[in-house]
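Q: Contents of work-v2.cif (mmCIF, C-alpha atoms and all ligand atoms) are given next:
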data_work
#
loop_
_atom_site.label_atom_id
_atom_site.label_comp_id
_atom_site.auth_asym_id
_atom_site.auth_seq_id
_atom_site.Cartn_x
_atom_site.Cartn_y
_atom_site.Cartn_z
CA MET Y 1 54.73 -35.23 10.37
CA SER Y 2 56.26 -34.88 13.82
CA PRO Y 3 59.86 -36.00 14.50
CA GLY Y 4 58.48 -38.83 16.66
CA GLU Y 5 56.19 -40.07 13.88
CA PHE Y 6 59.03 -39.95 11.36
CA THR Y 7 61.30 -41.92 13.73
CA PHE Y 8 58.54 -44.51 14.23
CA LEU Y 9 58.08 -44.92 10.47
CA CYS Y 10 61.85 -45.23 9.86
CA ASP Y 11 62.02 -47.92 12.51
CA PHE Y 12 58.93 -49.70 11.18
CA LEU Y 13 60.26 -49.76 7.59
CA MET Y 14 63.72 -50.89 8.68
CA LYS Y 15 62.28 -53.84 10.62
CA ARG Y 16 59.74 -54.80 7.97
CA SER Y 17 61.77 -54.41 4.77
CA GLY Y 18 65.35 -53.46 5.64
CA LEU Y 19 64.86 -50.01 4.11
CA VAL Y 20 67.16 -47.42 5.67
CA LEU Y 21 65.81 -43.87 5.68
CA ASN Y 22 67.43 -40.69 6.89
CA GLU Y 23 66.15 -37.21 7.69
CA GLY Y 24 66.62 -36.20 4.02
CA LYS Y 25 63.87 -38.65 3.04
CA ARG Y 26 61.20 -37.11 5.28
CA TYR Y 27 59.48 -35.33 2.39
CA LEU Y 28 59.54 -38.50 0.26
CA VAL Y 29 57.95 -40.54 3.08
CA GLU Y 30 55.28 -37.93 3.63
CA SER Y 31 54.35 -37.64 -0.03
CA ARG Y 32 54.27 -41.41 -0.65
CA LEU Y 33 52.09 -42.03 2.39
CA VAL Y 34 49.35 -39.75 1.05
CA THR Y 35 48.14 -42.54 -1.29
CA VAL Y 36 48.04 -45.00 1.61
CA THR Y 37 46.13 -42.70 3.96
CA GLN Y 38 43.62 -41.95 1.20
CA ARG Y 39 43.16 -45.62 0.32
CA PHE Y 40 42.61 -46.67 3.93
CA GLU Y 41 40.56 -43.54 4.74
CA ILE Y 42 42.98 -42.51 7.45
CA LYS Y 43 42.89 -38.83 8.49
CA ASN Y 44 46.60 -38.13 8.88
CA VAL Y 45 50.05 -39.56 9.61
CA ALA Y 46 49.40 -39.46 13.37
CA GLU Y 47 46.42 -41.80 12.91
CA LEU Y 48 48.43 -43.99 10.53
CA VAL Y 49 51.18 -44.34 13.15
CA ARG Y 50 48.57 -45.22 15.81
CA GLU Y 51 47.13 -47.93 13.52
CA LEU Y 52 50.57 -49.37 12.76
CA THR Y 53 51.49 -49.34 16.46
CA ALA Y 54 48.31 -51.26 17.31
CA GLY Y 55 49.46 -53.89 14.80
CA ARG Y 56 45.91 -54.99 13.91
CA ASN Y 57 45.88 -54.03 10.26
CA ASP Y 58 48.24 -56.21 8.24
CA ALA Y 59 46.96 -54.88 4.91
CA LEU Y 60 47.85 -51.36 6.02
CA ALA Y 61 51.36 -52.42 7.12
CA THR Y 62 51.90 -54.14 3.75
CA ALA Y 63 50.64 -51.09 1.86
CA VAL Y 64 53.05 -48.78 3.72
CA VAL Y 65 56.00 -51.06 2.89
CA GLU Y 66 54.95 -51.42 -0.76
CA GLU Y 67 54.49 -47.69 -1.15
CA MET Y 68 57.99 -47.02 0.14
CA THR Y 69 59.80 -49.43 -2.20
CA THR Y 70 61.61 -47.98 -5.20
CA ASN Y 71 60.77 -50.03 -8.25
CA GLU Y 72 62.95 -48.34 -10.83
CA THR Y 73 64.03 -50.90 -13.45
CA SER Y 74 64.32 -51.37 -17.19
CA PHE Y 75 64.92 -54.04 -19.81
CA PHE Y 76 68.58 -55.11 -20.09
CA ARG Y 77 69.44 -52.52 -17.41
CA ASP Y 78 73.14 -51.58 -17.57
CA ALA Y 79 73.57 -53.94 -20.57
CA ALA Y 80 76.90 -55.41 -19.29
CA PRO Y 81 75.45 -58.09 -16.95
CA PHE Y 82 73.35 -59.48 -19.79
CA GLU Y 83 76.36 -59.45 -22.13
CA GLU Y 84 78.30 -61.26 -19.41
CA LEU Y 85 75.47 -63.77 -19.11
CA ARG Y 86 75.48 -64.35 -22.86
CA GLN Y 87 79.21 -64.45 -23.46
CA THR Y 88 80.70 -66.00 -20.32
CA LEU Y 89 78.26 -67.35 -17.76
CA LEU Y 90 75.89 -69.24 -20.01
CA PRO Y 91 78.52 -71.02 -22.14
CA LYS Y 92 80.27 -72.21 -18.96
CA MET Y 93 77.04 -73.28 -17.31
CA LEU Y 94 75.74 -75.09 -20.39
CA GLU Y 95 78.99 -77.00 -20.71
CA SER Y 96 79.19 -78.10 -17.07
CA ARG Y 97 75.48 -78.88 -16.77
CA ARG Y 98 75.16 -80.81 -20.01
CA PRO Y 99 74.88 -84.19 -18.25
CA ARG Y 100 71.81 -83.11 -16.24
CA HIS Y 101 70.34 -80.41 -18.47
CA VAL Y 102 69.02 -78.41 -15.50
CA LEU Y 103 69.61 -74.71 -14.88
CA ARG Y 104 68.12 -72.66 -12.02
CA ILE Y 105 68.16 -68.86 -12.02
CA TRP Y 106 66.80 -66.39 -9.42
CA SER Y 107 65.97 -62.73 -9.91
CA ALA Y 108 65.90 -61.71 -6.24
CA ALA Y 109 64.37 -58.23 -6.45
CA ALA Y 110 62.41 -58.53 -9.64
CA SER Y 111 60.31 -55.37 -9.44
CA THR Y 112 57.98 -55.13 -12.47
CA GLY Y 113 59.75 -58.00 -14.26
CA GLN Y 114 61.95 -56.31 -16.86
CA GLU Y 115 65.09 -57.94 -15.41
CA VAL Y 116 63.74 -61.48 -15.41
CA TYR Y 117 62.23 -61.18 -18.91
CA SER Y 118 65.61 -59.87 -20.12
CA ILE Y 119 67.16 -63.04 -18.66
CA VAL Y 120 64.54 -65.23 -20.34
CA MET Y 121 65.13 -63.57 -23.72
CA THR Y 122 68.90 -63.98 -23.31
CA LEU Y 123 68.42 -67.69 -22.64
CA LEU Y 124 66.05 -68.17 -25.57
CA GLU Y 125 68.44 -66.38 -27.91
CA ASN Y 126 71.52 -68.27 -26.79
CA ILE Y 127 70.58 -71.83 -25.90
CA PRO Y 128 70.01 -73.59 -29.23
CA ASP Y 129 68.58 -76.80 -27.69
CA ILE Y 130 66.64 -74.98 -24.95
CA ARG Y 131 63.68 -77.35 -25.25
CA SER Y 132 65.83 -80.23 -24.00
CA TRP Y 133 66.71 -78.27 -20.84
CA ARG Y 134 64.78 -77.96 -17.60
CA ILE Y 135 65.15 -74.27 -16.94
CA GLU Y 136 63.70 -73.00 -13.68
CA ILE Y 137 63.48 -69.27 -13.26
CA ILE Y 138 62.19 -67.73 -10.04
CA ALA Y 139 61.49 -64.02 -9.68
CA THR Y 140 60.78 -62.62 -6.22
CA ASP Y 141 60.02 -59.25 -4.72
CA ILE Y 142 58.70 -57.99 -1.40
CA ALA Y 143 55.85 -56.11 -3.11
CA GLU Y 144 52.95 -58.28 -4.26
CA LYS Y 145 51.38 -55.32 -6.09
CA ILE Y 146 54.53 -54.96 -8.20
CA LEU Y 147 54.71 -58.70 -8.86
CA GLU Y 148 51.16 -58.60 -10.24
CA ARG Y 149 52.42 -56.23 -12.92
CA ALA Y 150 55.45 -58.45 -13.57
CA ARG Y 151 53.23 -61.52 -13.99
CA SER Y 152 51.02 -59.70 -16.49
CA GLY Y 153 54.06 -58.86 -18.64
CA ILE Y 154 52.30 -55.71 -19.89
CA TYR Y 155 54.53 -52.71 -20.59
CA SER Y 156 53.89 -49.27 -21.98
CA GLN Y 157 55.53 -47.91 -25.11
CA LEU Y 158 57.83 -45.86 -22.87
CA GLU Y 159 58.88 -48.88 -20.82
CA VAL Y 160 59.84 -50.96 -23.84
CA GLN Y 161 61.70 -48.01 -25.32
CA ARG Y 162 63.98 -48.17 -22.28
CA GLY Y 163 66.42 -50.89 -23.29
CA MET Y 164 64.42 -53.29 -25.42
CA PRO Y 165 66.10 -54.04 -28.78
CA PRO Y 166 63.47 -53.81 -31.56
CA HIS Y 167 64.17 -57.30 -32.94
CA LEU Y 168 63.52 -58.85 -29.50
CA LEU Y 169 60.37 -56.76 -29.09
CA ALA Y 170 59.09 -58.09 -32.41
CA ARG Y 171 59.96 -61.68 -31.50
CA TYR Y 172 58.85 -61.96 -27.90
CA PHE Y 173 55.98 -59.46 -27.42
CA ASP Y 174 52.41 -59.15 -28.61
CA THR Y 175 50.79 -55.76 -29.06
CA HIS Y 176 48.38 -54.86 -26.28
CA PRO Y 177 45.93 -51.96 -25.76
CA GLN Y 178 48.33 -50.57 -23.11
CA GLY Y 179 51.43 -51.08 -25.24
CA PHE Y 180 52.99 -54.54 -25.43
CA GLN Y 181 52.69 -57.85 -23.61
CA VAL Y 182 55.38 -60.49 -23.17
CA LYS Y 183 54.25 -63.63 -25.01
CA ALA Y 184 52.51 -66.22 -22.84
CA ASP Y 185 55.14 -68.94 -23.31
CA LEU Y 186 57.84 -66.61 -21.90
CA ARG Y 187 55.62 -65.61 -18.99
CA ARG Y 188 55.06 -69.28 -18.23
CA MET Y 189 58.83 -69.81 -17.91
CA VAL Y 190 58.95 -67.64 -14.77
CA SER Y 191 57.58 -68.41 -11.32
CA PHE Y 192 56.82 -65.10 -9.58
CA GLN Y 193 56.75 -65.33 -5.79
CA GLN Y 194 56.43 -62.77 -3.02
CA LEU Y 195 59.52 -62.84 -0.80
CA ASN Y 196 61.10 -60.50 1.70
CA LEU Y 197 64.87 -60.86 1.49
CA LEU Y 198 65.05 -60.31 5.26
CA ASP Y 199 63.20 -63.63 5.68
CA SER Y 200 64.50 -67.12 5.01
CA PHE Y 201 64.61 -68.09 1.34
CA LEU Y 202 65.73 -71.69 1.92
CA ARG Y 203 62.45 -72.91 0.42
CA LEU Y 204 63.55 -71.66 -3.01
CA GLY Y 205 66.29 -74.31 -3.21
CA SER Y 206 69.71 -73.84 -4.75
CA PHE Y 207 70.63 -71.75 -7.77
CA ASP Y 208 73.21 -71.66 -10.54
CA ILE Y 209 72.88 -67.92 -11.11
CA VAL Y 210 71.43 -65.26 -8.80
CA PHE Y 211 70.63 -61.72 -9.93
CA CYS Y 212 70.35 -59.55 -6.81
CA ARG Y 213 70.61 -56.12 -8.36
CA ASN Y 214 69.86 -52.66 -7.07
CA VAL Y 215 68.22 -53.72 -3.84
CA LEU Y 216 71.10 -54.08 -1.34
CA ILE Y 217 71.74 -50.34 -1.73
CA TYR Y 218 68.62 -49.69 0.37
CA PHE Y 219 69.78 -51.77 3.36
CA ASP Y 220 72.28 -51.24 6.17
CA ALA Y 221 75.58 -53.15 6.27
CA LEU Y 222 74.29 -55.79 8.65
CA ALA Y 223 71.31 -56.67 6.48
CA LYS Y 224 73.44 -56.64 3.31
CA ALA Y 225 76.00 -59.01 4.86
CA ASP Y 226 73.30 -61.33 6.17
CA ILE Y 227 71.54 -61.53 2.78
CA LEU Y 228 74.81 -62.10 0.92
CA ASN Y 229 75.86 -64.88 3.31
CA ARG Y 230 72.50 -66.58 2.95
CA ILE Y 231 72.63 -66.30 -0.86
CA ALA Y 232 76.09 -67.91 -0.71
CA LYS Y 233 74.55 -70.94 1.00
CA GLN Y 234 72.06 -71.36 -1.83
CA LEU Y 235 74.41 -70.72 -4.71
CA VAL Y 236 75.96 -73.90 -6.12
CA PRO Y 237 79.78 -74.09 -5.77
CA ASP Y 238 80.43 -72.96 -9.35
CA GLY Y 239 77.49 -70.54 -9.42
CA TYR Y 240 77.41 -66.81 -10.10
CA LEU Y 241 75.98 -63.87 -8.14
CA ILE Y 242 75.32 -60.67 -10.06
CA LEU Y 243 74.91 -57.39 -8.17
CA GLY Y 244 73.94 -53.91 -9.34
CA ALA Y 245 76.49 -51.49 -10.77
CA ALA Y 246 76.73 -49.53 -7.50
CA GLU Y 247 76.86 -52.60 -5.25
CA THR Y 248 79.75 -54.61 -3.84
CA VAL Y 249 80.49 -57.32 -1.30
CA LEU Y 250 83.61 -55.49 -0.13
CA GLY Y 251 83.65 -54.93 3.60
CA LEU Y 252 80.49 -57.04 4.00
CA THR Y 253 81.47 -60.66 3.48
CA THR Y 254 84.44 -62.75 2.43
CA THR Y 255 82.28 -65.54 1.00
CA PHE Y 256 82.36 -64.03 -2.50
CA ASP Y 257 85.13 -62.88 -4.83
CA ARG Y 258 84.58 -60.68 -7.82
CA ASP Y 259 85.12 -62.58 -11.07
CA PRO Y 260 88.06 -60.71 -12.63
CA LYS Y 261 87.02 -61.81 -16.12
CA CYS Y 262 83.77 -59.85 -15.92
CA LYS Y 263 83.37 -56.08 -16.36
CA SER Y 264 80.19 -55.87 -14.26
CA PRO Y 265 79.87 -56.95 -10.61
CA VAL Y 266 79.76 -60.72 -11.12
CA TYR Y 267 80.79 -62.74 -8.06
CA VAL Y 268 81.84 -66.34 -7.50
CA HIS Y 269 82.30 -68.28 -4.27
CA ALA Y 270 85.59 -67.32 -2.62
CA SER Y 271 86.23 -71.05 -2.15
CA MET Y 272 86.54 -71.29 -5.97
CA ARG Y 273 89.54 -68.94 -5.93
CA PRO Y 274 92.52 -70.73 -7.51
CA SER Y 275 94.87 -71.68 -4.66
CA VAL Y 276 98.03 -69.59 -4.51
CA PRO Y 277 101.15 -71.81 -4.48
CA LYS Y 278 102.63 -71.80 -0.99
CA PRO Y 279 106.16 -70.31 -0.73
CA LYS Y 280 108.67 -73.07 -0.61
CA SER Y 281 110.20 -73.94 2.72
CA ASP Y 282 113.78 -72.92 3.31
CA ILE Y 283 115.02 -76.47 2.94
CA ALA Y 284 113.10 -77.13 -0.31
CA ALA Y 285 114.45 -73.87 -1.81
CA ARG Y 286 118.06 -74.83 -0.89
CA LEU Y 287 117.62 -78.31 -2.39
CA ASP Y 288 116.22 -76.66 -5.59
CA SER Y 289 119.20 -74.37 -5.93
CA ARG Y 290 121.58 -77.34 -5.64
CA GLY Y 291 119.66 -79.06 -8.45
CA THR Y 292 118.81 -82.10 -6.31
C1 LIG H 1 65.19 -50.70 -7.72
S1 LIG H 1 64.28 -52.19 -7.87
C2 LIG H 1 65.47 -53.22 -8.69
C3 LIG H 1 64.85 -54.03 -9.80
C4 LIG H 1 65.82 -54.87 -10.63
N1 LIG H 1 66.52 -55.83 -9.83
C5 LIG H 1 66.79 -53.98 -11.36
O1 LIG H 1 67.97 -53.95 -10.99
O2 LIG H 1 66.41 -53.32 -12.31
C6 LIG H 1 64.35 -52.76 -6.20
C7 LIG H 1 63.28 -53.79 -5.87
O3 LIG H 1 63.59 -54.38 -4.61
C8 LIG H 1 62.39 -54.65 -3.93
N2 LIG H 1 62.67 -54.76 -2.49
C9 LIG H 1 62.89 -53.79 -1.60
N3 LIG H 1 63.07 -54.28 -0.36
C10 LIG H 1 62.97 -55.63 -0.49
C11 LIG H 1 63.08 -56.72 0.43
N4 LIG H 1 63.29 -56.52 1.74
N5 LIG H 1 62.93 -57.98 -0.04
C12 LIG H 1 62.70 -58.19 -1.36
N6 LIG H 1 62.58 -57.21 -2.29
C13 LIG H 1 62.73 -55.95 -1.84
C14 LIG H 1 61.50 -53.48 -4.27
O4 LIG H 1 60.13 -53.80 -4.13
C15 LIG H 1 61.89 -53.20 -5.73
O5 LIG H 1 61.00 -53.79 -6.63
#
Hey, can you dump this file as structure tokens for me?
Ligand SMILES: C[S@@+](CC[C@H](N)C(=O)[O-])C[C@H]1O[C@@H](n2cnc3c(N)ncnc32)[C@H](O)[C@@H]1O
A:
Amino acid sequence: MSPGEFTFLCDFLMKRSGLVLNEGKRYLVESRLVTVTQRFEIKNVAELVRELTAGRNDALATAVVEEMTTNETSFFRDAAPFEELRQTLLPKMLESRRPRHVLRIWSAAASTGQEVYSIVMTLLENIPDIRSWRIEIIATDIAEKILERARSGIYSQLEVQRGMPPHLLARYFDTHPQGFQVKADLRRMVSFQQLNLLDSFLRLGSFDIVFCRNVLIYFDALAKADILNRIAKQLVPDGYLILGAAETVLGLTTTFDRDPKCKSPVYVHASMRPSVPKPKSDIAARLDSRGT
């Protein structure tokens, strides 16, 4: 791949998906594009670049973006956020939402679905009267191909071995020729939708809890800040945002504060910060000291 072709592809991916690539990723780009060129019967990267430049082949553009996404995920990834959900977030939410019995949760970069099914299992295990609640769970990802897998809920033996506690596997999965399949009633609890986080997500409505984990790391600061600020607008005032272990809002936005009670990166609206008592004026302090 020539330097010009690599620069074109970096620019194309940045505009389309927010993905930031540097020179060190040249080999990765080249090797991942082999599948795309083969599938679309394209001779080489030069021809691929010509096709993308012409802008006539939307399926090709989508395939290039999908091929370049990193879909690494696992059940109960990092454990702590799901513990936080169980121990702190859910009890608070269930208490404050008892009058309406509605809870809305968004997994914003769902990949193959392990994250959102981990959320579903946590809810089922910890909300005793779950049937009396209207629980809306939306899982989105830029890659439709990946979402297809998530919707199917089919996982290999190896995938369930990564993080799935055996008692939950027994309770919430059926055996399947390829390994295991999430039971149909759990799959029905999730609405999987294709969504590019660079685009507007206003149509999804507002949320009580947003999981946006291990996706911001791929974007530049501007895109990260923009996404965080737009999530803030759709997170209810007492809602929670959960980021990945290597992600932060620091230096990007002041709309969120880290919840000091949580070990993992759980954020609340900065406007919910308890107000710091203002220092007393000189006159008030003097009156205090005189005991008046
Ligand atoms: C590493 S996975 C994270 C999965 C899961 N959240 C977790 O933490 O285990 C990142 C996901 O982000 C998706 N993604 C990348 N760019 C995106 C974008 N611009 N909009 C929405 N999703 C995107 C990828 O397709 C991929 O499935």
Q: Name the residues, by chain letter and number, that sit within 9 Å of ligand LIG 1 (chain H) using all atoms listed in the file, and give them as a PDB file with C-alpha atoms, in the coordinates of the input.
A:
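The resulting selection_12.pdb:
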ATOM      1  CA  MET Y  14      63.720 -50.890   8.680  1.00  0.00           C
ATOM      2  CA  ARG Y  16      59.740 -54.800   7.970  1.00  0.00           C
ATOM      3  CA  SER Y  17      61.770 -54.410   4.770  1.00  0.00           C
ATOM      4  CA  GLY Y  18      65.350 -53.460   5.640  1.00  0.00           C
ATOM      5  CA  LEU Y  19      64.860 -50.010   4.110  1.00  0.00           C
ATOM      6  CA  VAL Y  65      56.000 -51.060   2.890  1.00  0.00           C
ATOM      7  CA  GLU Y  66      54.950 -51.420  -0.760  1.00  0.00           C
ATOM      8  CA  GLU Y  67      54.490 -47.690  -1.150  1.00  0.00           C
ATOM      9  CA  MET Y  68      57.990 -47.020   0.140  1.00  0.00           C
ATOM     10  CA  THR Y  69      59.800 -49.430  -2.200  1.00  0.00           C
ATOM     11  CA  THR Y  70      61.610 -47.980  -5.200  1.00  0.00           C
ATOM     12  CA  ASN Y  71      60.770 -50.030  -8.250  1.00  0.00           C
ATOM     13  CA  GLU Y  72      62.950 -48.340 -10.830  1.00  0.00           C
ATOM     14  CA  THR Y  73      64.030 -50.900 -13.450  1.00  0.00           C
ATOM     15  CA  SER Y  74      64.320 -51.370 -17.190  1.00  0.00           C
ATOM     16  CA  PHE Y  75      64.920 -54.040 -19.810  1.00  0.00           C
ATOM     17  CA  PHE Y  76      68.580 -55.110 -20.090  1.00  0.00           C
ATOM     18  CA  ARG Y  77      69.440 -52.520 -17.410  1.00  0.00           C
ATOM     19  CA  ASP Y  78      73.140 -51.580 -17.570  1.00  0.00           C
ATOM     20  CA  SER Y 107      65.970 -62.730  -9.910  1.00  0.00           C
ATOM     21  CA  ALA Y 108      65.900 -61.710  -6.240  1.00  0.00           C
ATOM     22  CA  ALA Y 109      64.370 -58.230  -6.450  1.00  0.00           C
ATOM     23  CA  ALA Y 110      62.410 -58.530  -9.640  1.00  0.00           C
ATOM     24  CA  SER Y 111      60.310 -55.370  -9.440  1.00  0.00           C
ATOM     25  CA  THR Y 112      57.980 -55.130 -12.470  1.00  0.00           C
ATOM     26  CA  GLY Y 113      59.750 -58.000 -14.260  1.00  0.00           C
ATOM     27  CA  GLN Y 114      61.950 -56.310 -16.860  1.00  0.00           C
ATOM     28  CA  GLU Y 115      65.090 -57.940 -15.410  1.00  0.00           C
ATOM     29  CA  VAL Y 116      63.740 -61.480 -15.410  1.00  0.00           C
ATOM     30  CA  THR Y 140      60.780 -62.620  -6.220  1.00  0.00           C
ATOM     31  CA  ASP Y 141      60.020 -59.250  -4.720  1.00  0.00           C
ATOM     32  CA  ILE Y 142      58.700 -57.990  -1.400  1.00  0.00           C
ATOM     33  CA  ALA Y 143      55.850 -56.110  -3.110  1.00  0.00           C
ATOM     34  CA  GLU Y 144      52.950 -58.280  -4.260  1.00  0.00           C
ATOM     35  CA  ILE Y 146      54.530 -54.960  -8.200  1.00  0.00           C
ATOM     36  CA  LEU Y 147      54.710 -58.700  -8.860  1.00  0.00           C
ATOM     37  CA  GLN Y 194      56.430 -62.770  -3.020  1.00  0.00           C
ATOM     38  CA  LEU Y 195      59.520 -62.840  -0.800  1.00  0.00           C
ATOM     39  CA  ASN Y 196      61.100 -60.500   1.700  1.00  0.00           C
ATOM     40  CA  LEU Y 197      64.870 -60.860   1.490  1.00  0.00           C
ATOM     41  CA  LEU Y 198      65.050 -60.310   5.260  1.00  0.00           C
ATOM     42  CA  ASP Y 199      63.200 -63.630   5.680  1.00  0.00           C
ATOM     43  CA  PHE Y 211      70.630 -61.720  -9.930  1.00  0.00           C
ATOM     44  CA  CYS Y 212      70.350 -59.550  -6.810  1.00  0.00           C
ATOM     45  CA  ARG Y 213      70.610 -56.120  -8.360  1.00  0.00           C
ATOM     46  CA  ASN Y 214      69.860 -52.660  -7.070  1.00  0.00           C
ATOM     47  CA  VAL Y 215      68.220 -53.720  -3.840  1.00  0.00           C
ATOM     48  CA  LEU Y 216      71.100 -54.080  -1.340  1.00  0.00           C
ATOM     49  CA  ILE Y 217      71.740 -50.340  -1.730  1.00  0.00           C
ATOM     50  CA  TYR Y 218      68.620 -49.690   0.370  1.00  0.00           C
ATOM     51  CA  PHE Y 219      69.780 -51.770   3.360  1.00  0.00           C
ATOM     52  CA  LEU Y 243      74.910 -57.390  -8.170  1.00  0.00           C
ATOM     53  CA  GLY Y 244      73.940 -53.910  -9.340  1.00  0.00           C
ATOM     54  CA  ALA Y 245      76.490 -51.490 -10.770  1.00  0.00           C
TER      55      ALA Y 245
END
Q: At a cut-off of 10 Å, using only C-alpha atoms, what residues contact Leu33 in chain Y? Leave out same-chain residues fewer than 6 positions from it and give the result as a VMD selection string.
A: chain Y and resid 27 39 44 to 45 48 63 to 65 67 to 68
Q: Box along x, y and z, 5 Å on every side, all listed atoms of range 210-224 of chain Y inside: centre and edge lengths in Å to one decimal, as lines of an AutoDock Vina configuration file.
A:
center_x = 71.9
center_y = -57.5
center_z = -0.6
size_x = 17.4
size_y = 25.6
size_z = 28.6
Q: Quick one, how far is CA of Asp11 in chain Y from CA of Gln193 in chain Y?
A: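 Distance reported for this atom pair: 25.8 Å.
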Q: Which is closer to Arg151 in chain Y than all the others in Y:Val210, Y:Ala170, Y:Ile127, Y:Leu186, using only C-alpha atoms?
A: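 Nearest to Arg151 in chain Y: Y:Leu186.
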Q: Which one is closest to Lys145 in chain Y: Y:Gln157, Y:Ser132, Y:Ser96, Y:Thr62? Count only C-alpha atoms.
A: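 Of Y:Gln157, Y:Ser132, Y:Ser96, Y:Thr62, the one nearest Lys145 in chain Y, counting only C-alpha atoms, is Y:Thr62.
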Q: Quote the spacing between CA of Thr37 in chain Y and CA of Arg149 in chain Y in Å to one decimal place.
A: 22.5 Å
Q: With only C-alpha atoms as the basis for distance, which of Y:Ile135, Y:Ala184, Y:Val49, Y:Ile105 is at the shortest distance from Ile242 in chain Y?
A: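 Nearest to Ile242 in chain Y: Y:Ile105.
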Q: What is the CA of Glu83 in chain Y-CA of Leu228 in chain Y distance in Å, reported with one decimal?
A: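 Rounded to one decimal, the two atoms are 23.3 Å apart.
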Q: At a cut-off of 10 Å around the point (70.0, -60.0, -28.4) (file coordinates), what residues fall inside when counting all atoms listed in the file? I'd like the answer as a ChimeraX atom specification.
A: /Y:76,82-83,86,118,121-126,164-168
Q: Could you list as a list of chain:residue names every residue that has an atom within 12 Å of (52.0, -66.7, -25.8), using the file's coordinates and counting all atoms listed in the file?
A: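 The answer, in the requested form, is Y:Ser152, Y:Gly153, Y:Arg171, Y:Tyr172, Y:Phe173, Y:Asp174, Y:Thr175, Y:Gln181, Y:Val182, Y:Lys183, Y:Ala184, Y:Asp185, Y:Leu186, Y:Arg187, Y:Arg188, Y:Met189.
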Q: Please list as a list of chain:residue names every residue within 8 Å of Val190 in chain Y, counting all atoms listed in the file and excluding residues in the same chain fewer than 6 positions away.
A: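 Returned residues: Y:Val116, Y:Glu136, Y:Ile137, Y:Ile138, Y:Ala139.
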Q: Nearest residue to Asn229 in chain Y out of Y:Phe201, Y:Phe180, Y:Phe12, Y:Phe192, using only C-alpha atoms?
A: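 Going through Y:Phe201, Y:Phe180, Y:Phe12, Y:Phe192 one by one, the smallest distance to Asn229 in chain Y is for Y:Phe201.
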Q: Quick one: everything within 6 Å of Asp208 in chain Y, counting only C-alpha atoms, minus sequence neighbours fewer than 2 positions away in the same chain. Send it as an NGL selection string.
A: :Y and (104-105 or 236 or 239)
Q: Measuring between all atoms listed in the file, which one of Y:Ile227, Y:Ile119, Y:Thr35, Y:Leu28 shows the shortest distance to Glu84 in chain Y?
A: Y:Ile119
Q: Looking at only C-alpha atoms, which of Y:Gly55, Y:Gly4, Y:Pro128, Y:Pro265 is the one that sits closest to Glu247 in chain Y?
A: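 When distances to Glu247 in chain Y are compared using only C-alpha atoms, the smallest one comes from Y:Pro265.
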Q: Any chance you could export range 205-238 of chain Y with C-alpha atoms, as an mmCIF file, in the first residue's frame?
A:
data_model
loop_
_atom_site.group_PDB
_atom_site.id
_atom_site.type_symbol
_atom_site.label_atom_id
_atom_site.label_comp_id
_atom_site.auth_asym_id
_atom_site.auth_seq_id
_atom_site.Cartn_x
_atom_site.Cartn_y
_atom_site.Cartn_z
ATOM 1 C CA GLY Y 205 -34.589 8.906 23.855
ATOM 2 C CA SER Y 206 -33.264 9.396 27.366
ATOM 3 C CA PHE Y 207 -31.535 6.843 29.565
ATOM 4 C CA ASP Y 208 -31.058 6.048 33.238
ATOM 5 C CA ILE Y 209 -27.800 4.164 32.690
ATOM 6 C CA VAL Y 210 -25.430 4.280 29.708
ATOM 7 C CA PHE Y 211 -22.617 1.778 29.182
ATOM 8 C CA CYS Y 212 -20.172 3.309 26.692
ATOM 9 C CA ARG Y 213 -17.177 1.087 27.254
ATOM 10 C CA ASN Y 214 -14.005 0.509 25.302
ATOM 11 C CA VAL Y 215 -14.990 2.497 22.244
ATOM 12 C CA LEU Y 216 -13.923 6.085 23.009
ATOM 13 C CA ILE Y 217 -10.314 4.863 23.104
ATOM 14 C CA TYR Y 218 -10.400 4.593 19.300
ATOM 15 C CA PHE Y 219 -11.431 8.235 18.728
ATOM 16 C CA ASP Y 220 -9.608 11.566 18.858
ATOM 17 C CA ALA Y 221 -10.247 14.061 21.675
ATOM 18 C CA LEU Y 222 -12.724 16.108 19.670
ATOM 19 C CA ALA Y 223 -14.912 13.122 18.838
ATOM 20 C CA LYS Y 224 -14.704 11.807 22.416
ATOM 21 C CA ALA Y 225 -15.766 15.183 23.850
ATOM 22 C CA ASP Y 226 -18.608 15.533 21.358
ATOM 23 C CA ILE Y 227 -19.959 12.032 22.101
ATOM 24 C CA LEU Y 228 -19.709 12.541 25.866
ATOM 25 C CA ASN Y 229 -21.521 15.894 25.683
ATOM 26 C CA ARG Y 230 -24.289 14.384 23.591
ATOM 27 C CA ILE Y 231 -24.634 11.414 25.975
ATOM 28 C CA ALA Y 232 -24.932 13.928 28.830
ATOM 29 C CA LYS Y 233 -27.959 15.452 27.105
ATOM 30 C CA GLN Y 234 -29.678 12.070 26.982
ATOM 31 C CA LEU Y 235 -28.781 10.883 30.448
ATOM 32 C CA VAL Y 236 -31.449 11.702 33.045
ATOM 33 C CA PRO Y 237 -30.275 14.083 35.822
ATOM 34 C CA ASP Y 238 -29.616 11.283 38.319
#
